[in-house]
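What follows is the content of target01.cif (mmCIF, C-alpha atoms and all ligand atoms).
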```cif
data_input
loop_
_atom_site.label_atom_id
_atom_site.label_comp_id
_atom_site.auth_asym_id
_atom_site.auth_seq_id
_atom_site.Cartn_x
_atom_site.Cartn_y
_atom_site.Cartn_z
CA MET I 1 46.96 24.03 64.07
CA ASN I 2 45.72 27.13 65.79
CA ASN I 3 46.57 28.58 69.16
CA LEU I 4 43.27 29.56 70.73
CA PHE I 5 44.75 32.48 72.64
CA ALA I 6 46.11 33.88 69.41
CA LEU I 7 42.51 33.82 68.19
CA GLY I 8 41.30 35.92 71.13
CA PHE I 9 40.43 33.22 73.66
CA ASN I 10 40.74 34.54 77.21
CA GLN I 11 40.55 33.72 80.88
CA ALA I 12 36.87 34.61 81.19
CA PHE I 13 35.94 31.91 78.69
CA ILE I 14 38.12 29.36 80.48
CA GLU I 15 36.48 30.16 83.80
CA TYR I 16 33.02 29.86 82.31
CA ILE I 17 33.86 26.45 80.90
CA LYS I 18 35.27 25.28 84.23
CA LYS I 19 32.39 26.63 86.26
CA ASN I 20 29.86 24.91 84.06
CA ASN I 21 31.76 21.61 83.73
CA LEU I 22 32.07 21.90 79.99
CA GLU I 23 35.68 20.74 79.69
CA GLU I 24 34.71 17.74 77.58
CA PHE I 25 34.05 20.03 74.62
CA SER I 26 36.62 21.72 72.46
CA ALA I 27 36.38 25.44 71.88
CA GLY I 28 36.51 27.25 68.57
CA ARG I 29 35.88 30.65 67.07
CA VAL I 30 33.36 31.25 64.29
CA ALA I 31 35.17 32.77 61.31
CA GLN I 32 32.52 32.47 58.60
CA GLN I 33 28.81 32.00 58.55
CA HIS I 34 27.17 30.35 55.58
CA LYS I 35 23.60 29.45 54.91
CA ASP I 36 23.62 26.12 56.70
CA SER I 37 27.07 25.87 58.14
CA TYR I 38 29.96 27.69 59.74
CA ILE I 39 33.70 27.73 59.40
CA VAL I 40 35.14 27.48 62.89
CA LEU I 41 38.78 28.00 63.85
CA THR I 42 39.75 25.25 66.29
CA ARG I 43 42.92 23.95 67.83
CA GLU I 44 42.93 21.24 65.16
CA GLY I 45 42.59 23.73 62.32
CA ASN I 46 39.72 25.32 60.39
CA LYS I 47 36.63 23.10 60.44
CA ARG I 48 33.22 23.13 58.87
CA ALA I 49 30.52 22.96 61.54
CA VAL I 50 26.76 22.87 61.93
CA ILE I 51 24.68 23.62 64.99
CA THR I 52 23.00 20.82 66.87
CA GLY I 53 19.23 20.55 66.67
CA ASN I 54 19.18 20.97 70.39
CA LEU I 55 20.86 24.38 70.15
CA ARG I 56 18.60 25.48 67.30
CA TYR I 57 15.45 24.72 69.23
CA SER I 58 16.58 25.80 72.66
CA VAL I 59 17.49 29.40 71.80
CA SER I 60 14.93 32.02 72.72
CA ALA I 61 15.95 34.52 70.03
CA LYS I 62 17.68 34.35 66.68
CA THR I 63 20.46 36.49 68.09
CA ASP I 64 21.39 33.62 70.43
CA LEU I 65 22.60 31.57 67.44
CA PRO I 66 26.30 31.72 66.53
CA VAL I 67 27.61 34.67 64.53
CA VAL I 68 31.07 35.52 63.27
CA GLY I 69 33.36 36.25 66.21
CA ASP I 70 31.53 33.93 68.58
CA TRP I 71 33.34 31.40 70.72
CA VAL I 72 31.53 28.09 70.57
CA LEU I 73 31.80 24.68 72.18
CA LEU I 74 32.16 21.85 69.71
CA ILE I 75 31.68 18.15 69.46
CA ALA I 76 34.48 17.01 67.21
CA SER I 77 33.96 14.44 64.51
CA ASP I 78 35.88 13.49 61.39
CA ASP I 79 34.70 15.95 58.78
CA LEU I 80 31.82 17.88 60.29
CA TYR I 81 31.91 19.45 63.74
CA LEU I 82 28.81 20.07 65.82
CA ILE I 83 28.27 23.39 67.61
CA TYR I 84 26.85 22.53 70.98
CA GLN I 85 26.79 25.92 72.68
CA VAL I 86 27.66 29.59 72.21
CA LEU I 87 29.84 30.97 75.01
CA PRO I 88 28.68 34.22 76.63
CA ARG I 89 29.71 37.23 74.54
CA TYR I 90 31.69 40.04 76.10
CA SER I 91 30.56 42.46 73.43
CA LYS I 92 28.30 42.53 70.43
CA LEU I 93 27.80 44.62 67.37
CA GLU I 94 24.08 44.76 66.93
CA ARG I 95 21.82 46.88 64.86
CA GLN I 96 18.15 47.41 65.36
CA ALA I 97 17.09 46.66 61.83
CA VAL I 98 13.40 47.30 61.69
CA GLN I 99 11.76 49.67 64.08
CA ARG I 100 8.27 48.42 63.46
CA THR I 101 8.90 44.80 64.33
CA GLY I 102 11.46 45.43 67.04
CA ASP I 103 13.78 42.85 65.52
CA SER I 104 17.46 43.39 65.92
CA GLN I 105 20.29 41.89 63.95
CA LEU I 106 23.54 40.68 65.36
CA ILE I 107 26.45 41.55 63.09
CA ALA I 108 29.38 40.12 65.04
CA ALA I 109 30.36 39.13 68.57
CA ASN I 110 33.34 39.50 70.89
CA ILE I 111 34.64 42.62 69.18
CA ASP I 112 37.09 44.92 70.96
CA HIS I 113 37.04 47.78 68.50
CA ALA I 114 34.86 48.69 65.55
CA LEU I 115 36.70 50.38 62.72
CA ILE I 116 34.08 52.76 61.38
CA VAL I 117 35.22 53.37 57.82
CA GLN I 118 34.25 56.49 55.98
CA SER I 119 35.46 57.47 52.53
CA VAL I 120 36.72 61.05 52.67
CA ASP I 121 35.43 61.92 49.22
CA GLN I 122 31.81 60.91 49.32
CA ASN I 123 28.72 62.25 51.11
CA PHE I 124 30.30 62.83 54.45
CA ASN I 125 27.64 62.22 57.02
CA LEU I 126 28.36 63.01 60.65
CA ASN I 127 24.96 61.81 61.79
CA ARG I 128 25.72 58.39 60.38
CA LEU I 129 29.04 58.29 62.21
CA GLU I 130 27.29 59.22 65.43
CA ARG I 131 24.90 56.34 64.90
CA TYR I 132 27.72 53.87 64.49
CA ILE I 133 29.31 55.24 67.63
CA SER I 134 26.15 54.76 69.65
CA ILE I 135 25.84 51.20 68.33
CA CYS I 136 29.38 50.62 69.61
CA HIS I 137 28.65 52.07 73.03
CA ALA I 138 25.53 49.94 73.34
CA GLY I 139 27.52 46.80 72.54
CA ASN I 140 30.55 47.45 74.78
CA ILE I 141 32.80 48.10 71.77
CA GLY I 142 35.37 50.86 71.37
CA PRO I 143 34.76 52.97 68.25
CA VAL I 144 37.62 54.05 65.99
CA LEU I 145 37.02 56.28 62.98
CA VAL I 146 38.94 55.36 59.85
CA PHE I 147 39.01 57.95 57.09
CA ASN I 148 39.84 56.02 53.96
CA LYS I 149 40.74 57.10 50.41
CA THR I 150 42.87 60.00 51.64
CA ASP I 151 44.55 59.94 48.21
CA LEU I 152 41.48 61.74 46.90
CA LEU I 153 41.97 64.88 49.03
CA SER I 154 44.76 67.41 49.36
CA GLY I 155 46.60 67.60 52.67
CA ASP I 156 44.80 70.84 53.54
CA GLN I 157 41.39 69.45 52.74
CA LEU I 158 42.09 66.40 54.86
CA ASN I 159 43.29 68.44 57.83
CA GLU I 160 40.20 70.61 57.65
CA LEU I 161 37.99 67.54 57.62
CA ILE I 162 39.81 65.99 60.56
CA SER I 163 39.50 69.08 62.73
CA HIS I 164 35.83 69.49 61.80
CA VAL I 165 35.01 65.91 62.81
CA GLY I 166 37.24 66.17 65.87
CA ARG I 167 35.14 69.07 67.10
CA ARG I 168 31.90 67.16 66.63
CA LEU I 169 33.09 63.82 67.97
CA PRO I 170 35.68 64.62 70.60
CA GLY I 171 37.38 61.66 72.22
CA VAL I 172 36.86 59.22 69.36
CA PRO I 173 40.20 58.00 67.97
CA LEU I 174 40.68 58.81 64.32
CA MET I 175 42.96 57.06 61.80
CA THR I 176 43.50 57.80 58.13
CA ALA I 177 44.27 55.33 55.36
CA THR I 178 44.50 54.83 51.65
CA THR I 179 44.65 51.48 49.95
CA VAL I 180 45.90 52.66 46.57
CA VAL I 181 49.20 54.06 47.86
CA LYS I 182 51.96 51.68 48.96
CA ASN I 183 51.94 51.34 52.78
CA GLY I 184 48.86 53.61 52.90
CA ALA I 185 47.24 51.35 55.48
CA LEU I 186 50.39 50.70 57.47
CA ASP I 187 49.66 53.18 60.28
CA LEU I 188 46.26 51.61 60.75
CA LEU I 189 47.72 48.10 60.73
CA LYS I 190 50.37 49.09 63.29
CA SER I 191 47.72 50.51 65.61
CA LEU I 192 45.93 47.15 65.85
CA LYS I 193 46.91 44.92 68.75
CA PRO I 194 47.57 41.18 68.66
CA GLN I 195 44.76 38.97 70.02
CA LYS I 196 42.31 41.87 69.87
CA THR I 197 39.36 41.66 67.52
CA TYR I 198 38.42 44.47 65.16
CA CYS I 199 35.37 44.74 62.97
CA LEU I 200 35.16 46.89 59.86
CA VAL I 201 31.83 48.64 59.46
CA GLY I 202 30.63 51.39 57.17
CA SER I 203 28.65 52.05 54.03
CA SER I 204 29.10 50.02 50.88
CA GLY I 205 32.00 51.19 48.76
CA VAL I 206 34.04 52.97 51.43
CA GLY I 207 36.81 50.40 51.01
CA LYS I 208 36.43 47.98 53.93
CA SER I 209 37.45 44.92 51.92
CA SER I 210 40.22 46.88 50.22
CA LEU I 211 41.61 47.66 53.69
CA ILE I 212 41.53 43.97 54.60
CA ASN I 213 43.39 43.11 51.41
CA ALA I 214 45.95 45.84 52.01
CA MET I 215 46.58 44.65 55.57
CA MET I 216 46.62 40.95 54.61
CA GLN I 217 48.91 41.81 51.70
CA GLN I 218 46.84 39.61 49.43
CA ALA I 219 43.44 39.74 47.80
CA VAL I 220 41.43 37.66 50.26
CA MET I 221 38.23 39.65 49.71
CA LYS I 222 36.63 40.68 46.46
CA THR I 223 36.36 44.43 45.97
CA SER I 224 34.44 46.32 43.38
CA GLU I 225 34.56 49.51 41.37
CA ILE I 226 32.38 52.32 42.60
CA SER I 227 30.57 52.48 39.26
CA SER I 228 29.02 49.07 39.67
CA LEU I 229 27.97 49.97 43.18
CA HIS I 230 25.54 52.49 41.79
CA GLN I 231 23.19 49.65 41.09
CA LYS I 232 21.12 50.17 44.17
CA GLY I 233 21.28 47.55 46.86
CA LYS I 234 24.40 45.92 45.46
CA HIS I 235 27.05 45.14 48.01
CA THR I 236 30.32 43.66 46.90
CA THR I 237 30.78 41.85 50.19
CA THR I 238 27.83 39.65 51.04
CA HIS I 239 29.13 37.73 54.02
CA ARG I 240 31.10 38.37 57.19
CA GLU I 241 34.48 36.85 57.64
CA LEU I 242 37.16 36.86 60.30
CA PHE I 243 40.84 37.02 59.34
CA VAL I 244 44.03 36.73 61.34
CA LEU I 245 46.52 39.44 60.39
CA HIS I 246 50.22 38.57 60.16
CA ASN I 247 51.16 40.57 63.24
CA GLY I 248 48.39 38.99 65.34
CA PRO I 249 45.23 41.16 65.38
CA LEU I 250 41.93 39.61 64.27
CA ILE I 251 39.74 41.50 61.86
CA ILE I 252 36.23 40.96 60.54
CA ASP I 253 34.93 42.25 57.22
CA THR I 254 31.22 42.95 56.92
CA PRO I 255 28.95 43.99 54.06
CA GLY I 256 28.06 47.67 53.98
CA MET I 257 25.10 48.45 56.15
CA ARG I 258 22.59 50.54 54.36
CA GLU I 259 19.85 50.79 56.86
CA LEU I 260 21.20 51.69 60.23
CA GLY I 261 18.89 50.98 63.06
CA VAL I 262 19.09 52.64 66.39
CA THR I 263 20.49 51.13 69.50
CA GLU I 264 18.15 50.00 72.15
CA ASP I 265 19.96 51.49 75.04
CA GLU I 266 19.16 55.13 75.43
CA ALA I 267 21.98 55.58 77.87
CA SER I 268 24.42 54.70 75.12
CA ILE I 269 22.95 57.27 72.79
CA ARG I 270 23.47 59.75 75.53
CA GLN I 271 27.06 58.76 75.82
CA THR I 272 27.57 59.96 72.28
CA PHE I 273 26.22 63.28 73.30
CA GLU I 274 27.95 63.68 76.60
CA LEU I 275 28.31 67.36 76.00
CA ILE I 276 24.57 67.92 75.69
CA ASP I 277 24.05 65.92 78.84
CA SER I 278 26.47 67.83 80.96
CA LEU I 279 25.24 71.13 79.58
CA SER I 280 21.64 70.34 80.41
CA GLU I 281 22.54 70.11 84.07
CA ASN I 282 22.75 73.87 83.92
CA CYS I 283 19.31 74.39 82.34
CA ARG I 284 16.85 76.20 84.57
CA PHE I 285 14.25 73.42 84.29
CA THR I 286 15.25 69.85 85.06
CA ASP I 287 12.90 68.56 82.35
CA CYS I 288 14.10 71.11 79.82
CA THR I 289 13.54 69.99 76.22
CA HIS I 290 16.10 72.50 74.92
CA THR I 291 13.67 73.88 72.37
CA ASP I 292 12.46 77.26 73.60
CA GLU I 293 12.80 77.32 77.37
CA PRO I 294 14.34 80.34 79.07
CA ASP I 295 17.80 79.91 80.59
CA CYS I 296 18.50 76.77 78.57
CA ALA I 297 22.22 76.03 78.80
CA VAL I 298 22.13 73.85 75.68
CA LEU I 299 20.61 76.52 73.46
CA GLN I 300 23.04 79.00 74.90
CA ALA I 301 25.95 76.76 74.01
CA ILE I 302 24.69 76.60 70.44
CA GLU I 303 24.47 80.37 70.32
CA GLU I 304 28.00 80.65 71.59
CA GLY I 305 29.23 78.15 69.02
CA GLN I 306 30.24 75.57 71.63
CA LEU I 307 27.77 73.05 70.32
CA ASP I 308 26.60 72.16 66.84
CA ALA I 309 22.85 72.68 66.33
CA LEU I 310 22.84 69.53 64.20
CA SER I 311 24.11 67.49 67.12
CA LEU I 312 21.17 68.59 69.20
CA LYS I 313 18.73 67.80 66.41
CA ASN I 314 20.23 64.37 65.95
CA TYR I 315 20.17 63.75 69.69
CA GLY I 316 16.43 64.37 69.75
CA LYS I 317 15.83 62.21 66.71
CA LEU I 318 17.76 59.27 68.09
CA GLN I 319 15.95 59.47 71.38
CA ARG I 320 12.57 59.44 69.68
CA GLU I 321 13.53 56.46 67.50
CA SER I 322 14.88 54.62 70.46
CA GLN I 323 11.63 55.17 72.32
CA ARG I 324 9.67 53.91 69.32
CA PHE I 325 11.88 50.86 69.08
CA GLU I 326 11.47 50.01 72.73
CA ALA I 327 7.74 50.46 72.34
CA SER I 328 7.49 48.05 69.44
CA LYS I 329 9.63 45.54 71.26
CA ALA I 330 7.49 45.83 74.33
CA ASN I 331 4.38 45.36 72.24
CA LYS I 332 5.81 42.23 70.79
CA ARG I 333 6.43 40.78 74.18
CA LYS I 334 3.06 41.65 75.57
CA LYS I 335 0.41 39.74 73.74
CA ASP I 336 -2.13 41.47 75.91
CA LYS I 337 -3.96 43.82 73.61
CA ALA I 338 -5.12 46.22 76.25
CA MET I 339 -1.62 46.71 77.48
CA GLY I 340 -0.45 47.37 73.94
CA LYS I 341 -3.09 49.98 73.50
CA MET I 342 -2.20 51.75 76.66
CA TYR I 343 1.45 51.71 75.69
CA LYS I 344 0.61 53.30 72.36
CA GLU I 345 -1.23 56.10 74.08
CA VAL I 346 1.75 56.81 76.24
CA MET I 347 4.09 56.76 73.26
CA LYS I 348 1.82 59.08 71.34
CA MET I 349 1.95 61.52 74.18
CA LYS I 350 5.70 61.20 74.38
CA ASN I 351 6.10 61.75 70.65
CA LYS I 352 3.88 64.78 70.78
CA ARG I 353 6.48 66.47 72.85
CA LYS I 354 8.74 68.31 70.49
CA PHE I 355 11.79 66.55 71.78
N1 LIG H 401 40.85 56.13 45.42
C1 LIG H 401 40.72 55.12 46.26
N2 LIG H 401 39.85 54.12 46.01
C2 LIG H 401 39.72 53.13 46.92
C3 LIG H 401 40.46 53.11 48.11
N3 LIG H 401 40.10 52.00 48.82
C4 LIG H 401 39.18 51.36 48.07
N4 LIG H 401 38.94 52.03 46.92
C5 LIG H 401 37.99 51.65 45.88
O1 LIG H 401 36.67 51.73 46.36
C6 LIG H 401 35.85 50.74 45.77
C7 LIG H 401 35.08 49.96 46.81
O2 LIG H 401 35.98 49.23 47.63
P1 LIG H 401 35.55 47.96 48.48
O3 LIG H 401 36.74 47.60 49.28
O4 LIG H 401 34.93 46.90 47.63
O5 LIG H 401 34.41 48.59 49.41
P2 LIG H 401 33.59 47.89 50.62
O6 LIG H 401 33.51 48.89 51.71
O7 LIG H 401 34.20 46.60 50.96
O8 LIG H 401 32.15 47.69 49.97
P3 LIG H 401 31.02 46.59 50.34
O9 LIG H 401 31.71 45.25 50.36
O10 LIG H 401 30.00 46.71 49.27
O11 LIG H 401 30.48 46.97 51.68
C8 LIG H 401 36.79 49.87 44.92
O12 LIG H 401 36.68 50.28 43.59
C9 LIG H 401 38.15 50.19 45.48
O13 LIG H 401 39.15 50.03 44.51
C10 LIG H 401 41.39 54.18 48.35
O14 LIG H 401 42.09 54.25 49.37
N5 LIG H 401 41.47 55.17 47.41
MG MG H 402 33.47 44.72 50.99
ZN ZN H 403 17.74 73.13 78.11
#
```
Could I get this file's structure written as structure tokens?
Amino acid sequence: MNNLFALGFNQAFIEYIKKNNLEEFSAGRVAQQHKDSYIVLTREGNKRAVITGNLRYSVSAKTDLPVVGDWVLLIASDDLYLIYQVLPRYSKLERQAVQRTGDSQLIAANIDHALIVQSVDQNFNLNRLERYISICHAGNIGPVLVFNKTDLLSGDQLNELISHVGRRLPGVPLMTATTVVKNGALDLLKSLKPQKTYCLVGSSGVGKSSLINAMMQQAVMKTSEISSLHQKGKHTTTHRELFVLHNGPLIIDTPGMRELGVTEDEASIRQTFELIDSLSENCRFTDCTHTDEPDCAVLQAIEEGQLDALSLKNYGKLQRESQRFEASKANKRKKDKAMGKMYKEVMKMKNKRKF
């Protein structure tokens, strides 16, 4: 028996069901996605489910199909449940996988906070963290940085790292953890709220599944030694799975994402770089590209050490990629060749600009 509210069900879902006269169905939350079926948490317990043919053929995009975290409406039967409909998502963790095709991939739905896990000992990459943060902003998800494996650094080294990242990513909550020390993940666990849904993201090997195991106090996920991870492309975790923690929060484990796409929404990228945005209001030219213009407030801030030059570089890069992505998506939609051609010309011109 499950209590739906304990699984994150809320008033908005109830109202949607009422408004659309869908009360005849029972609701459930997708906890696991397998090749041809799902494990759904329902009031009656955890059930295996498949989607109806009607749902499969009526969706306009692959991302409309159920993913882990989704709330779905079910037709109950003895052993196999049928997923009739996916309820509207209040947030989604989505990556733009391939720029050329404009396809995006939905990782999980109805997430309140993403726990962006980074191992403090290995190739610390601020640009990557910024990318995760912009993916969160695009999907209406609150980002939280989790620095794991703190046992591998001295206290001084860790403090230095924290203040360095804090300067670059102000306003993003930061937690530390270690899974090899007793209670090393307790602060993190205590910071998670009942009925809220968290999703662990981050590169392969940073310890996402180890964190789940530490917080569940049992080995529910397989973890693997770093050495075997050196075989390129190997991820220990190969599926996504939602767990209910003892004190009530819900948490999803995901496989490490190697190729991070960009988010579609340029506004969200900007959000990550709020500082650059507000600074540019003081540039002499309104269309300043912050490359070599006179009286550029952004360049001045870099000179004065207020802003990291890398941040600016990354900002430009993300904007260009986002433009390319939107272009390829637009091309996909428009079968009209002439339109596609014209679009390309425009993009070429845009990309020619340094920024
Ligand atoms: N020293 C140290 N090692 C850790 C810590 N947490 C995890 N590890 C080790 O890091 C390795 C990878 O851990 P996993 O939990 O499998 O990593 P993951 O992020 O789930 O990796 P994928 O499933 O491939 O995405 C394992 O050998 C763990 O034992 C930690 O806090 N300190
Ligand atoms: Mg894992
Ligand atoms: Zn400028």
Requested in this report: Taking all atoms listed in the file into account, report as an NGL selection string which residues have an atom no farther than 9 Å from an atom of ligand ZN 403 (chain H).
Outcome: :I and (276 or 279-300)
Report task. State, in Å with one decimal place, the distance from atom CA of Thr176 of chain I to atom CA of Leu188 of chain I. Result ->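 Calculated distance between atom CA of Thr176 of chain I and atom CA of Leu188 of chain I is 7.3 Å.
You will find atom CA of Ala49 of chain I at 12.6 Å from atom CA of Ser26 of chain I.
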Query raised in the report: Once you count only C-alpha atoms and all ligand atoms, which residues end up within 10 Å of ligand MG 402 (chain H), and could you hand them over as a ChimeraX atom specification?
Result: /I:200-212,221-224,235-240,253-256
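Between atom CA of Asn148 of chain I and atom CA of Cys136 of chain I lies a distance of 19.6 Å.
Shortest separation to ligand LIG 401 (chain H) among I:Gly184, I:Gly142, I:Gly28, I:Gly45 occurs at residue I:Gly184, atoms counted being all atoms listed in the file.
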How big is the axis-aligned box around all listed atoms of segment 298-317 of chain I once 8 Å goes on each side, and where's its centre, in Å to one decimal, as lines of an AutoDock Vina configuration file?
```
center_x = 23.0
center_y = 71.4
center_z = 69.9
size_x = 30.4
size_y = 34.4
size_z = 27.5
```
Requested in this report: Would you please work out which residue, of I:Phe147, I:Tyr315, I:Tyr90, I:Phe243, is nearest to ligand LIG 401 (chain H) when using all atoms listed in the file?
Outcome: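 Closest candidate: I:Phe147.
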**Report entry** Non-local contacts of Cys199 of chain I (9 Å; all atoms listed in the file; under 3 positions in same chain excluded) as a list in words
**Finding:** Leu93, Ala108, Ile111, Asp112, His113, Ala114, Leu115, Ile116, Leu242, Leu250, Ile251, Ile252, Asp253 and Thr254 of chain I
Report task. Check the smallest atom-to-atom distance from each of I:Arg48, I:Val180, I:Trp71, I:Ala327 to Phe5 of chain I using all atoms listed in the file, then report the winner. Result ->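 The answer is I:Trp71, which sits nearest to Phe5 of chain I.
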Query raised in the report: Between I:Glu24, I:Glu274, I:Glu321, I:Asp121, which one has atoms that come closest to ligand LIG 401 (chain H), using all atoms listed in the file?
Result: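 Of I:Glu24, I:Glu274, I:Glu321, I:Asp121, the one nearest ligand LIG 401 (chain H) is I:Asp121, counting all atoms listed in the file.
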Report task. Using only C-alpha atoms, determine which residues lie at most 12 Å from Thr63 of chain I, disregarding the query and same-chain residues fewer than 4 positions distant; provide the list as number ranges by chain. Result -> I: 56, 59, 67-68, 70, 86, 89, 92-96, 103-109
Query raised in the report: Pick the closest to ligand LIG 401 (chain H) from I:Lys317, I:Lys149, I:Lys182, I:Lys18: which is it, counting all atoms listed in the file?
Result: I:Lys149
Query raised in the report: Pick from I:Asn110, I:Arg168, I:Lys196, I:Thr179: nearest to Asp308 of chain I, with all atoms listed in the file counted?
Result: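 Looking at the shortest contact to Asp308 of chain I, the residue is I:Arg168.
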Report task. Scan for residues within 8 Å of the point (38.4, 54.5, 71.4) in the coordinates of the file, using all atoms listed in the file, and reply as a list in words. Result -> His113, Gly142, Pro143, Val144, Gly171, Val172 and Pro173 of chain I
Can you fill out segment 110-128 of chain I with N, CA and C atoms and hand it back as a PDB file, in the coordinates of the input?
```
ATOM      1  N   ASN I 110      32.007  39.481  70.289  1.00  0.00           N
ATOM      2  CA  ASN I 110      33.340  39.500  70.890  1.00  0.00           C
ATOM      3  C   ASN I 110      34.310  40.400  70.130  1.00  0.00           C
ATOM      4  N   ILE I 111      33.853  41.615  69.894  1.00  0.00           N
ATOM      5  CA  ILE I 111      34.640  42.620  69.180  1.00  0.00           C
ATOM      6  C   ILE I 111      35.220  43.585  70.209  1.00  0.00           C
ATOM      7  N   ASP I 112      36.506  43.914  70.076  1.00  0.00           N
ATOM      8  CA  ASP I 112      37.090  44.920  70.960  1.00  0.00           C
ATOM      9  C   ASP I 112      36.906  46.319  70.399  1.00  0.00           C
ATOM     10  N   HIS I 113      37.192  46.461  69.124  1.00  0.00           N
ATOM     11  CA  HIS I 113      37.040  47.780  68.500  1.00  0.00           C
ATOM     12  C   HIS I 113      36.350  47.660  67.158  1.00  0.00           C
ATOM     13  N   ALA I 114      35.441  48.591  66.891  1.00  0.00           N
ATOM     14  CA  ALA I 114      34.860  48.690  65.550  1.00  0.00           C
ATOM     15  C   ALA I 114      35.648  49.740  64.792  1.00  0.00           C
ATOM     16  N   LEU I 115      36.050  49.400  63.584  1.00  0.00           N
ATOM     17  CA  LEU I 115      36.700  50.380  62.720  1.00  0.00           C
ATOM     18  C   LEU I 115      35.606  50.940  61.813  1.00  0.00           C
ATOM     19  N   ILE I 116      35.175  52.142  62.128  1.00  0.00           N
ATOM     20  CA  ILE I 116      34.080  52.760  61.380  1.00  0.00           C
ATOM     21  C   ILE I 116      34.690  53.479  60.179  1.00  0.00           C
ATOM     22  N   VAL I 117      34.537  52.850  59.006  1.00  0.00           N
ATOM     23  CA  VAL I 117      35.220  53.370  57.820  1.00  0.00           C
ATOM     24  C   VAL I 117      34.326  54.360  57.088  1.00  0.00           C
ATOM     25  N   GLN I 118      34.943  55.452  56.739  1.00  0.00           N
ATOM     26  CA  GLN I 118      34.250  56.490  55.980  1.00  0.00           C
ATOM     27  C   GLN I 118      35.188  56.888  54.854  1.00  0.00           C
ATOM     28  N   SER I 119      34.644  57.011  53.648  1.00  0.00           N
ATOM     29  CA  SER I 119      35.460  57.470  52.530  1.00  0.00           C
ATOM     30  C   SER I 119      35.465  58.991  52.557  1.00  0.00           C
ATOM     31  N   VAL I 120      36.661  59.592  52.479  1.00  0.00           N
ATOM     32  CA  VAL I 120      36.720  61.050  52.670  1.00  0.00           C
ATOM     33  C   VAL I 120      36.131  61.831  51.509  1.00  0.00           C
ATOM     34  N   ASP I 121      35.898  61.158  50.386  1.00  0.00           N
ATOM     35  CA  ASP I 121      35.430  61.920  49.220  1.00  0.00           C
ATOM     36  C   ASP I 121      33.921  61.948  49.059  1.00  0.00           C
ATOM     37  N   GLN I 122      33.231  60.969  49.641  1.00  0.00           N
ATOM     38  CA  GLN I 122      31.810  60.910  49.320  1.00  0.00           C
ATOM     39  C   GLN I 122      30.923  61.277  50.509  1.00  0.00           C
ATOM     40  N   ASN I 123      29.716  61.679  50.181  1.00  0.00           N
ATOM     41  CA  ASN I 123      28.720  62.250  51.110  1.00  0.00           C
ATOM     42  C   ASN I 123      29.044  62.047  52.591  1.00  0.00           C
ATOM     43  N   PHE I 124      29.823  62.933  53.089  1.00  0.00           N
ATOM     44  CA  PHE I 124      30.300  62.830  54.450  1.00  0.00           C
ATOM     45  C   PHE I 124      29.164  63.114  55.422  1.00  0.00           C
ATOM     46  N   ASN I 125      28.835  62.111  56.202  1.00  0.00           N
ATOM     47  CA  ASN I 125      27.640  62.220  57.020  1.00  0.00           C
ATOM     48  C   ASN I 125      27.958  61.986  58.507  1.00  0.00           C
ATOM     49  N   LEU I 126      28.011  63.098  59.231  1.00  0.00           N
ATOM     50  CA  LEU I 126      28.360  63.010  60.650  1.00  0.00           C
ATOM     51  C   LEU I 126      27.284  62.295  61.465  1.00  0.00           C
ATOM     52  N   ASN I 127      26.031  62.486  61.059  1.00  0.00           N
ATOM     53  CA  ASN I 127      24.960  61.810  61.790  1.00  0.00           C
ATOM     54  C   ASN I 127      25.127  60.302  61.723  1.00  0.00           C
ATOM     55  N   ARG I 128      25.541  59.828  60.545  1.00  0.00           N
ATOM     56  CA  ARG I 128      25.720  58.390  60.380  1.00  0.00           C
ATOM     57  C   ARG I 128      26.855  57.905  61.288  1.00  0.00           C
TER      58      ARG I 128
END
```
